[in-house]
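Raw contents of final_13.csv, CSV, C-alpha atoms:
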```csv
chain,number,residue,atom,x,y,z
X,1467,MET,CA,74.1,179.9,130.6
X,1468,LYS,CA,76.2,182.1,132.9
X,1469,TYR,CA,77.7,183.7,129.9
X,1470,ILE,CA,74.3,184.5,128.4
X,1471,PHE,CA,73.1,186.0,131.6
X,1472,HIS,CA,76.0,188.4,131.8
X,1473,LYS,CA,75.4,189.5,128.2
X,1474,SER,CA,71.7,190.1,129.0
X,1475,LEU,CA,72.5,192.2,132.0
X,1476,PHE,CA,74.9,194.3,129.9
X,1477,VAL,CA,72.1,194.9,127.3
X,1478,PHE,CA,69.6,195.9,130.0
X,1479,LEU,CA,72.0,198.4,131.6
X,1480,LEU,CA,72.8,199.7,128.2
X,1481,LEU,CA,69.1,200.3,127.4
X,1482,CYS,CA,68.6,202.0,130.7
X,1483,PHE,CA,71.5,204.3,130.0
X,1484,LEU,CA,70.2,205.1,126.6
X,1485,GLY,CA,66.8,205.7,127.9
X,1486,SER,CA,68.1,208.2,130.4
X,1487,GLY,CA,69.0,210.5,127.5
X,1488,CYS,CA,72.4,211.0,128.7
X,1489,ILE,CA,73.9,210.3,125.2
X,1490,SER,CA,73.3,211.8,121.7
X,1491,LYS,CA,71.5,210.1,118.8
X,1492,LYS,CA,74.7,209.2,117.1
X,1493,LYS,CA,76.0,207.6,120.3
X,1494,HIS,CA,72.6,205.9,120.6
X,1495,GLN,CA,72.9,204.4,117.1
X,1496,GLU,CA,76.5,203.4,117.7
X,1497,ALA,CA,75.4,201.7,120.9
X,1498,LEU,CA,72.6,199.9,119.1
X,1499,GLN,CA,75.0,198.8,116.5
X,1500,ALA,CA,77.4,197.6,119.1
X,1501,LEU,CA,74.6,195.8,120.8
X,1502,ARG,CA,73.6,194.0,117.6
X,1503,VAL,CA,77.2,193.0,116.9
X,1504,THR,CA,77.4,191.7,120.5
X,1505,ASN,CA,74.1,189.8,120.1
X,1506,GLU,CA,75.3,188.3,116.8
X,1507,ASN,CA,78.5,187.2,118.4
X,1508,VAL,CA,76.6,185.7,121.2
X,1509,VAL,CA,74.3,183.8,118.9
X,1510,THR,CA,77.2,182.7,116.7
X,1511,ASP,CA,79.1,181.5,119.7
X,1512,TRP,CA,76.0,179.6,121.0
X,1513,GLN,CA,75.4,178.1,117.6
X,1514,ASN,CA,79.0,176.9,117.4
X,1515,ARG,CA,78.7,175.3,120.8
X,1516,TYR,CA,75.5,173.7,119.8
X,1517,ASN,CA,77.0,172.3,116.6
X,1518,GLU,CA,79.9,170.9,118.6
X,1519,ARG,CA,77.5,169.3,121.1
X,1520,ARG,CA,75.5,167.8,118.3
X,1521,ALA,CA,78.7,166.5,116.7
X,1522,GLU,CA,79.7,165.0,120.0
X,1523,VAL,CA,76.3,163.4,120.4
X,1524,SER,CA,76.5,162.0,116.8
X,1525,ARG,CA,79.9,160.5,117.4
X,1526,ALA,CA,78.6,159.1,120.7
X,1527,ASP,CA,75.7,157.5,118.8
X,1528,GLN,CA,78.0,156.1,116.2
X,1529,LYS,CA,80.2,154.7,118.9
X,1530,ILE,CA,77.2,153.1,120.6
X,1531,ARG,CA,76.1,151.5,117.3
X,1532,GLU,CA,79.6,150.2,116.8
X,1533,LEU,CA,79.6,148.8,120.3
X,1534,GLU,CA,76.2,147.2,119.8
X,1535,LEU,CA,77.3,145.7,116.5
X,1536,ASN,CA,80.5,144.3,118.1
X,1537,LEU,CA,78.5,142.9,120.9
X,1538,ALA,CA,76.2,141.2,118.5
X,1539,GLU,CA,79.2,139.8,116.6
X,1540,ARG,CA,80.7,138.6,119.9
X,1541,LYS,CA,77.5,137.0,120.9
X,1542,GLY,CA,77.4,135.2,117.5
X,1543,GLU,CA,81.0,134.1,117.9
X,1544,ASN,CA,80.3,132.9,121.4
X,1545,ASN,CA,77.3,130.9,120.2
X,1546,ILE,CA,79.6,129.2,117.6
X,1547,LEU,CA,82.2,128.5,120.2
X,1548,VAL,CA,79.5,127.1,122.6
X,1549,LYS,CA,78.2,124.8,119.8
X,1550,LEU,CA,81.7,123.7,118.9
X,1551,ARG,CA,82.4,123.0,122.6
X,1552,ASP,CA,79.3,120.9,122.9
X,1553,GLU,CA,80.1,118.9,119.8
X,1554,LEU,CA,83.7,118.3,121.0
X,1555,GLN,CA,82.3,117.3,124.4
X,1556,THR,CA,80.0,114.8,122.7
X,1557,GLN,CA,82.9,113.4,120.7
X,1558,ILE,CA,85.0,113.0,123.8
X,1559,ILE,CA,82.2,111.1,125.6
X,1560,SER,CA,81.8,108.9,122.6
X,1561,MET,CA,85.5,108.2,122.3
X,1562,GLU,CA,85.8,107.5,126.0
X,1563,SER,CA,83.0,105.0,125.7
X,1564,GLN,CA,84.7,103.4,122.7
X,1565,MET,CA,88.0,103.2,124.6
X,1566,ASN,CA,86.3,101.5,127.5
X,1567,ASN,CA,84.7,99.0,125.2
X,1568,LEU,CA,88.0,98.6,123.4
X,1569,GLY,CA,89.8,98.1,126.7
X,1570,SER,CA,87.4,95.3,127.6
X,1571,SER,CA,87.8,93.8,124.2
X,1572,SER,CA,91.5,94.1,124.2
X,1573,LYS,CA,91.8,92.2,127.5
X,1574,SER,CA,89.9,89.4,125.9
X,1575,VAL,CA,92.0,89.5,122.8
X,1576,GLU,CA,95.2,89.7,124.9
X,1577,GLN,CA,94.1,86.6,126.9
X,1578,ASN,CA,93.3,84.7,123.7
X,1579,LEU,CA,96.6,85.9,122.1
X,1580,ARG,CA,98.6,84.7,125.2
X,1581,SER,CA,96.8,81.4,125.0
X,1582,ASP,CA,97.6,81.0,121.3
X,1583,ILE,CA,101.2,82.0,121.9
X,1584,LYS,CA,101.5,79.5,124.6
X,1585,LYS,CA,100.0,76.8,122.4
X,1586,ARG,CA,102.3,77.8,119.5
X,1587,ASP,CA,105.3,77.8,121.8
X,1588,SER,CA,104.4,74.3,122.9
X,1589,GLU,CA,104.0,73.2,119.2
X,1590,ILE,CA,107.3,74.9,118.3
X,1591,LEU,CA,109.1,73.1,121.1
X,1592,ALA,CA,107.6,69.8,120.0
X,1593,LEU,CA,108.7,70.4,116.4
X,1594,LYS,CA,112.2,71.4,117.6
X,1595,GLN,CA,112.4,68.1,119.5
X,1596,GLN,CA,111.2,66.2,116.4
X,1597,LEU,CA,113.7,68.1,114.3
X,1598,ALA,CA,116.5,67.2,116.7
X,1599,SER,CA,115.4,63.6,116.6
X,1600,VAL,CA,115.3,63.7,112.7
X,1601,ASN,CA,118.8,65.2,112.7
X,1602,VAL,CA,120.0,62.4,114.9
X,1603,VAL,CA,118.7,59.9,112.3
X,1604,LEU,CA,120.1,61.8,109.4
X,1605,ASP,CA,123.5,62.1,111.1
X,1606,LYS,CA,123.4,58.4,111.8
X,1607,ASN,CA,122.6,57.6,108.2
X,1608,LYS,CA,125.2,60.1,106.9
X,1609,GLU,CA,127.7,58.3,109.0
X,1610,LEU,CA,126.6,55.0,107.5
X,1611,PHE,CA,126.8,56.3,103.9
X,1612,ASN,CA,130.3,57.7,104.7
X,1613,ARG,CA,131.3,54.3,105.9
X,1614,VAL,CA,129.9,52.6,102.7
X,1615,SER,CA,131.7,55.2,100.6
X,1616,GLY,CA,134.9,54.7,102.5
X,1617,ASP,CA,134.8,50.9,102.1
X,1618,ILE,CA,134.1,51.1,98.3
X,1619,SER,CA,136.8,53.7,97.8
X,1620,PHE,CA,139.3,51.6,99.7
X,1621,GLU,CA,138.4,48.5,97.7
X,1622,MET,CA,138.6,50.4,94.4
X,1623,GLN,CA,141.8,52.4,95.1
X,1624,THR,CA,144.0,50.0,93.1
X,1625,SER,CA,141.4,49.6,90.3
X,1626,GLY,CA,142.1,52.8,88.4
X,1627,SER,CA,141.3,56.5,88.7
X,1628,ASP,CA,138.5,56.4,86.2
X,1629,ILE,CA,136.3,54.6,88.7
X,1630,GLU,CA,134.6,57.3,90.8
X,1631,VAL,CA,132.8,57.3,94.1
X,1632,THR,CA,130.3,60.1,95.0
X,1633,THR,CA,128.7,60.5,98.4
X,1634,ARG,CA,125.6,62.3,99.3
X,1635,TYR,CA,123.7,62.4,102.6
X,1636,ASP,CA,121.2,59.8,101.3
X,1637,GLN,CA,123.2,57.7,98.8
X,1638,VAL,CA,126.6,56.6,97.4
X,1639,THR,CA,127.1,56.3,93.7
X,1640,LEU,CA,129.9,54.2,92.2
X,1641,SER,CA,130.5,55.1,88.5
X,1642,ILE,CA,132.4,52.5,86.3
X,1643,PRO,CA,133.3,53.2,82.6
X,1644,GLU,CA,131.5,50.8,80.2
X,1645,SER,CA,134.9,49.7,78.8
X,1646,ARG,CA,136.0,48.5,82.3
X,1647,LEU,CA,133.1,46.0,82.4
X,1648,PHE,CA,131.9,45.1,78.8
X,1649,LYS,CA,133.5,44.1,75.6
X,1650,LYS,CA,133.1,46.8,72.9
X,1651,GLY,CA,129.6,47.3,71.7
X,1652,SER,CA,128.2,44.4,73.8
X,1653,SER,CA,125.4,44.5,76.3
X,1654,SER,CA,125.9,40.9,77.6
X,1655,ARG,CA,129.6,40.0,77.5
X,1656,ILE,CA,131.6,41.1,80.5
X,1657,THR,CA,135.4,41.1,80.3
X,1658,ASP,CA,137.6,39.2,82.7
X,1659,SER,CA,138.7,42.5,84.4
X,1660,GLY,CA,135.1,43.4,84.6
X,1661,PHE,CA,134.3,40.2,86.6
X,1662,TYR,CA,137.2,41.0,88.8
X,1663,LEU,CA,135.8,44.4,89.5
X,1664,LEU,CA,132.3,43.0,90.2
X,1665,GLU,CA,133.8,40.5,92.6
X,1666,LYS,CA,135.4,43.2,94.7
X,1667,ILE,CA,132.3,45.3,94.6
X,1668,SER,CA,130.1,42.4,95.7
X,1669,LYS,CA,132.4,41.9,98.8
X,1670,VAL,CA,131.8,45.5,99.9
X,1671,LEU,CA,128.1,45.6,99.1
X,1672,GLY,CA,127.5,42.2,100.9
X,1673,ARG,CA,128.5,43.9,104.2
X,1674,TYR,CA,125.3,46.0,104.1
X,1675,PRO,CA,122.2,43.9,104.0
X,1676,GLN,CA,120.1,46.9,105.1
X,1677,MET,CA,120.9,48.7,101.9
X,1678,LEU,CA,119.5,48.6,98.3
X,1679,PHE,CA,121.5,48.7,95.1
X,1680,GLN,CA,120.3,50.1,91.8
X,1681,VAL,CA,122.4,49.3,88.8
X,1682,THR,CA,121.8,51.9,85.9
X,1683,GLY,CA,123.2,51.8,82.4
X,1684,HIS,CA,124.1,55.0,80.5
X,1685,THR,CA,125.2,55.6,76.9
X,1686,ASP,CA,126.4,58.4,74.7
X,1687,ASN,CA,124.3,59.9,71.9
X,1688,THR,CA,125.5,57.5,69.2
X,1689,PRO,CA,122.5,55.5,68.0
X,1690,ALA,CA,122.4,51.8,69.0
X,1691,ASN,CA,122.7,49.0,66.4
X,1692,GLU,CA,119.1,48.7,65.4
X,1693,LYS,CA,119.5,45.1,64.2
X,1694,ARG,CA,120.4,44.0,67.7
X,1695,TYR,CA,118.9,46.7,70.0
X,1696,LYS,CA,115.8,48.9,69.6
X,1697,ASP,CA,117.5,52.0,71.0
X,1698,ASN,CA,120.0,53.3,73.6
X,1699,TRP,CA,117.4,52.8,76.3
X,1700,ASN,CA,117.2,49.2,75.5
X,1701,PHE,CA,120.9,48.8,75.2
X,1702,SER,CA,121.7,50.5,78.5
X,1703,ALA,CA,118.9,48.5,80.4
X,1704,LEU,CA,120.4,45.2,79.0
X,1705,GLN,CA,123.9,46.2,80.3
X,1706,ALA,CA,122.5,47.0,83.7
X,1707,ALA,CA,120.6,43.6,83.8
X,1708,THR,CA,123.7,41.8,82.8
X,1709,VAL,CA,125.6,43.3,85.8
X,1710,VAL,CA,122.8,42.5,88.2
X,1711,ARG,CA,122.7,38.9,87.0
X,1712,ALA,CA,126.4,38.5,87.5
X,1713,LEU,CA,126.3,39.9,91.0
X,1714,VAL,CA,123.4,37.5,91.9
X,1715,GLU,CA,124.5,34.4,90.0
X,1716,ASP,CA,128.3,34.6,90.2
X,1717,TYR,CA,128.8,36.4,93.6
X,1718,ASP,CA,125.7,35.3,95.6
X,1719,MET,CA,124.3,38.8,96.3
X,1720,ASN,CA,120.7,39.0,97.5
X,1721,SER,CA,118.5,39.6,94.4
X,1722,SER,CA,115.9,41.5,96.5
X,1723,GLN,CA,118.5,44.2,97.1
X,1724,LEU,CA,119.2,44.7,93.4
X,1725,THR,CA,117.3,46.5,90.6
X,1726,ALA,CA,118.3,47.2,87.0
X,1727,SER,CA,117.4,50.3,84.9
X,1728,GLY,CA,118.6,52.0,81.7
X,1729,LYS,CA,118.8,55.8,81.1
X,1730,GLY,CA,120.2,55.6,77.6
X,1731,GLU,CA,121.8,58.9,76.5
X,1732,TYR,CA,119.5,61.1,78.6
X,1733,GLU,CA,121.7,61.7,81.7
X,1734,PRO,CA,125.1,62.5,80.2
X,1735,ARG,CA,127.9,63.5,82.6
X,1736,THR,CA,129.4,65.8,80.0
X,1737,SER,CA,129.2,66.9,76.3
X,1738,ASN,CA,129.1,64.3,73.6
X,1739,ALA,CA,131.0,66.6,71.3
X,1740,THR,CA,134.3,64.7,71.7
X,1741,SER,CA,135.3,61.1,71.9
X,1742,GLU,CA,136.5,61.6,75.5
X,1743,GLY,CA,133.2,63.1,76.4
X,1744,LYS,CA,131.3,60.1,74.9
X,1745,ALA,CA,133.6,57.7,76.7
X,1746,MET,CA,132.7,59.4,80.0
X,1747,ASN,CA,129.0,59.2,79.3
X,1748,ARG,CA,129.1,55.4,78.5
X,1749,ARG,CA,129.1,54.1,82.1
X,1750,ILE,CA,127.5,51.8,84.6
X,1751,GLU,CA,126.4,53.3,87.9
X,1752,ILE,CA,125.7,51.4,91.1
X,1753,ILE,CA,123.7,53.5,93.5
X,1754,VAL,CA,123.7,52.5,97.2
X,1755,TYR,CA,120.7,53.8,99.2
X,1756,LYS,CA,118.5,53.0,102.1
X,1757,PRO,CA,114.8,52.2,101.8
X,1758,VAL,CA,112.7,55.2,102.5
X,1759,GLU,CA,110.3,53.3,104.7
X,1760,ASP,CA,113.2,52.2,106.9
X,1761,MET,CA,114.4,55.8,107.4
X,1762,MET,CA,110.8,56.8,108.2
X,1763,LYS,CA,110.6,54.0,110.8
X,1764,GLU,CA,113.8,55.2,112.4
X,1765,VAL,CA,112.5,58.8,112.5
X,1766,LYS,CA,109.1,57.7,114.0
X,1767,GLY,CA,111.0,55.5,116.4
X,1768,VAL,CA,112.9,58.4,117.9
X,1769,THR,CA,110.0,60.9,117.7
X,1770,GLY,CA,107.2,58.7,118.7
X,1771,GLY,CA,105.4,59.4,115.4
X,1772,PHE,CA,104.2,62.7,113.9
```

What's the structure tokens form of this structure?
Amino acid sequence: MKYIFHKSLFVFLLLCFLGSGCISKKKHQEALQALRVTNENVVTDWQNRYNERRAEVSRADQKIRELELNLAERKGENNILVKLRDELQTQIISMESQMNNLGSSSKSVEQNLRSDIKKRDSEILALKQQLASVNVVLDKNKELFNRVSGDISFEMQTSGSDIEVTTRYDQVTLSIPESRLFKKGSSSRITDSGFYLLEKISKVLGRYPQMLFQVTGHTDNTPANEKRYKDNWNFSALQAATVVRALVEDYDMNSSQLTASGKGEYEPRTSNATSEGKAMNRRIEIIVYKPVEDMMKEVKGVTGGF
């Protein structure tokens, strides 16, 4: 505005000067031309300034709109965050409630678990005590069977290496080849050496009235003479019965301790492919064992029953 005022004053003075007639017409026209140029410059300068101000205002408006848009976006983001915060807060409250309930429940579960563990520990201790008692009985019987086995082995040590004694924790098995007891092919005729063996055996077995003795006959796979015997089962059972009868009638053993059975060819010791193998399979076994009910009584006696 100050600039425009100066320019107007200049024009006024110029008009006054021209009006005083102090200059020629040519000078006057030149002055007018100069005045027009000056005015045009003034107007152009003002127009440029005006355009600049409008551009500045336009940029300012654009900036304001951008700021308003960003603010709106920020408000939207803030609303989302607030909603998310509220949801998380709700979840936290719910989880804290569940944890409190779980804590109460877990205390009850823990108490029950401790009670169960204590009960189980008591049961385990009782079972361990029973097991220890059972082991005492088993060790006692094992010692007994070892003694029986030792007595039989000692009595048979001069009778030949083909007589075998096998010991397990619950039985002793004395295996005698058929040829050491019976005449060839016979189920009822015992040889003199066979009677001698049975006498020695009866002396040992008679020391153990608490034991039972099962006499079992075995054959090879050669078919039995069908005219005299139905099959190998029948033949082997007859041989076992002959041995039992001899032990009872000739050597006064208790018949209630003895049983006879036949397995025929169905429990071979080895292959029947050779004559040696067949000879090993033809045998009489005397199994020494203790009645199961007696062993159970012993166990119950030391454990007080199950």

Between CA of Asn1700 in chain X and CA of Val1754 in chain X, what is the distance in Å, rounded to a tenth?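 Rounded to one decimal, the two atoms are 22.9 Å apart.
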
So what do you get for CA of Ile1629 in chain X versus CA of Ile1642 in chain X, distance-wise?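 Interatomic distance, CA of Ile1629 in chain X to CA of Ile1642 in chain X: 5.0 Å.
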
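Interatomic distance, CA of Gly1660 in chain X to CA of Met1677 in chain X: 23.0 Å.
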
Go through X:Ala1726, X:Leu1610, X:Met1561, X:Leu1579 and flag the residue nearest Tyr1635 in chain X, using only C-alpha atoms for the distances. X:Leu1610

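Distances from X:Arg1646, X:Lys1756, X:Arg1515, X:Lys1608 to Gly1626 in chain X were compared using all atoms listed in the file, and the smallest one belongs to X:Arg1646.
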
Looking at only C-alpha atoms, which of X:Asn1698, X:Gln1513, X:Gln1676, X:Asn1691 is the one that sits closest to Asn1720 in chain X?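 Closest to Asn1720 in chain X, using only C-alpha atoms: X:Gln1676.
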
Name the residues in contact with Arg1735 in chain X at a cut-off of 9 Å, using all atoms listed in the file, excluding same-chain residues fewer than 5 positions from it; report them as a count of residues only. 3

Selection: 10 Å around Leu1640 in chain X, all atoms listed in the file, excl. self and same-chain fewer than 4 positions, as a ChimeraX atom specification: /X:1615,1618-1619,1622,1629-1633,1667,1681,1750-1754

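Nearest to Asp1605 in chain X of all the residues X:Asp1636, X:Gly1683, X:Val1758, X:Asp1511 is X:Asp1636, counting all atoms listed in the file.
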
What are the nearest atom pairs, with distances in Å to one decimal, for all residues of range 1569-1681 of chain X that come at most 12 Å from range 1727-1731 of chain X, using all atoms listed in the file, set out by chain and rising residue number as JSON lines?
```
{"residue": "X:Ser1653", "atom": "CA", "partner": "X:Gly1728", "partner_atom": "CA", "distance": 11.5}
{"residue": "X:Phe1679", "atom": "CA", "partner": "X:Ser1727", "partner_atom": "CA", "distance": 11.1}
{"residue": "X:Gln1680", "atom": "CA", "partner": "X:Ser1727", "partner_atom": "CA", "distance": 7.5}
{"residue": "X:Val1681", "atom": "CA", "partner": "X:Ser1727", "partner_atom": "CA", "distance": 6.4}
```

Mind filling out range 1581-1598 of chain X with N, CA and C atoms and sending it as an mmCIF file, keeping the file's coordinate frame?
```cif
data_model
loop_
_atom_site.group_PDB
_atom_site.id
_atom_site.type_symbol
_atom_site.label_atom_id
_atom_site.label_comp_id
_atom_site.auth_asym_id
_atom_site.auth_seq_id
_atom_site.Cartn_x
_atom_site.Cartn_y
_atom_site.Cartn_z
ATOM 1 N N SER X 1581 97.079 82.798 125.102
ATOM 2 C CA SER X 1581 96.800 81.400 125.000
ATOM 3 C C SER X 1581 97.316 80.772 123.715
ATOM 4 N N ASP X 1582 97.094 81.517 122.593
ATOM 5 C CA ASP X 1582 97.600 81.000 121.300
ATOM 6 C C ASP X 1582 99.111 80.985 121.270
ATOM 7 N N ILE X 1583 99.738 82.012 121.844
ATOM 8 C CA ILE X 1583 101.200 82.000 121.900
ATOM 9 C C ILE X 1583 101.742 80.871 122.674
ATOM 10 N N LYS X 1584 101.100 80.605 123.810
ATOM 11 C CA LYS X 1584 101.500 79.500 124.600
ATOM 12 C C LYS X 1584 101.380 78.173 123.876
ATOM 13 N N LYS X 1585 100.243 78.042 123.141
ATOM 14 C CA LYS X 1585 100.000 76.800 122.400
ATOM 15 C C LYS X 1585 101.056 76.709 121.257
ATOM 16 N N ARG X 1586 101.320 77.841 120.561
ATOM 17 C CA ARG X 1586 102.300 77.800 119.500
ATOM 18 C C ARG X 1586 103.705 77.507 120.027
ATOM 19 N N ASP X 1587 104.025 78.076 121.186
ATOM 20 C CA ASP X 1587 105.300 77.800 121.800
ATOM 21 C C ASP X 1587 105.477 76.300 122.086
ATOM 22 N N SER X 1588 104.380 75.708 122.578
ATOM 23 C CA SER X 1588 104.400 74.300 122.900
ATOM 24 C C SER X 1588 104.583 73.471 121.579
ATOM 25 N N GLU X 1589 103.871 73.901 120.499
ATOM 26 C CA GLU X 1589 104.000 73.200 119.200
ATOM 27 C C GLU X 1589 105.409 73.368 118.647
ATOM 28 N N ILE X 1590 105.960 74.599 118.766
ATOM 29 C CA ILE X 1590 107.300 74.900 118.300
ATOM 30 C C ILE X 1590 108.331 73.995 119.010
ATOM 31 N N LEU X 1591 108.152 73.902 120.331
ATOM 32 C CA LEU X 1591 109.100 73.100 121.100
ATOM 33 C C LEU X 1591 108.997 71.620 120.698
ATOM 34 N N ALA X 1592 107.751 71.141 120.461
ATOM 35 C CA ALA X 1592 107.600 69.800 120.000
ATOM 36 C C ALA X 1592 108.259 69.539 118.657
ATOM 37 N N LEU X 1593 108.080 70.531 117.732
ATOM 38 C CA LEU X 1593 108.700 70.400 116.400
ATOM 39 C C LEU X 1593 110.209 70.462 116.500
ATOM 40 N N LYS X 1594 110.716 71.302 117.388
ATOM 41 C CA LYS X 1594 112.200 71.400 117.600
ATOM 42 C C LYS X 1594 112.701 70.038 118.083
ATOM 43 N N GLN X 1595 111.958 69.430 118.991
ATOM 44 C CA GLN X 1595 112.400 68.100 119.500
ATOM 45 C C GLN X 1595 112.351 67.076 118.394
ATOM 46 N N GLN X 1596 111.285 67.119 117.555
ATOM 47 C CA GLN X 1596 111.200 66.200 116.400
ATOM 48 C C GLN X 1596 112.347 66.438 115.443
ATOM 49 N N LEU X 1597 112.620 67.749 115.186
ATOM 50 C CA LEU X 1597 113.700 68.100 114.300
ATOM 51 C C LEU X 1597 115.047 67.566 114.808
ATOM 52 N N ALA X 1598 115.241 67.742 116.110
ATOM 53 C CA ALA X 1598 116.500 67.200 116.700
ATOM 54 C C ALA X 1598 116.583 65.725 116.548
#
```
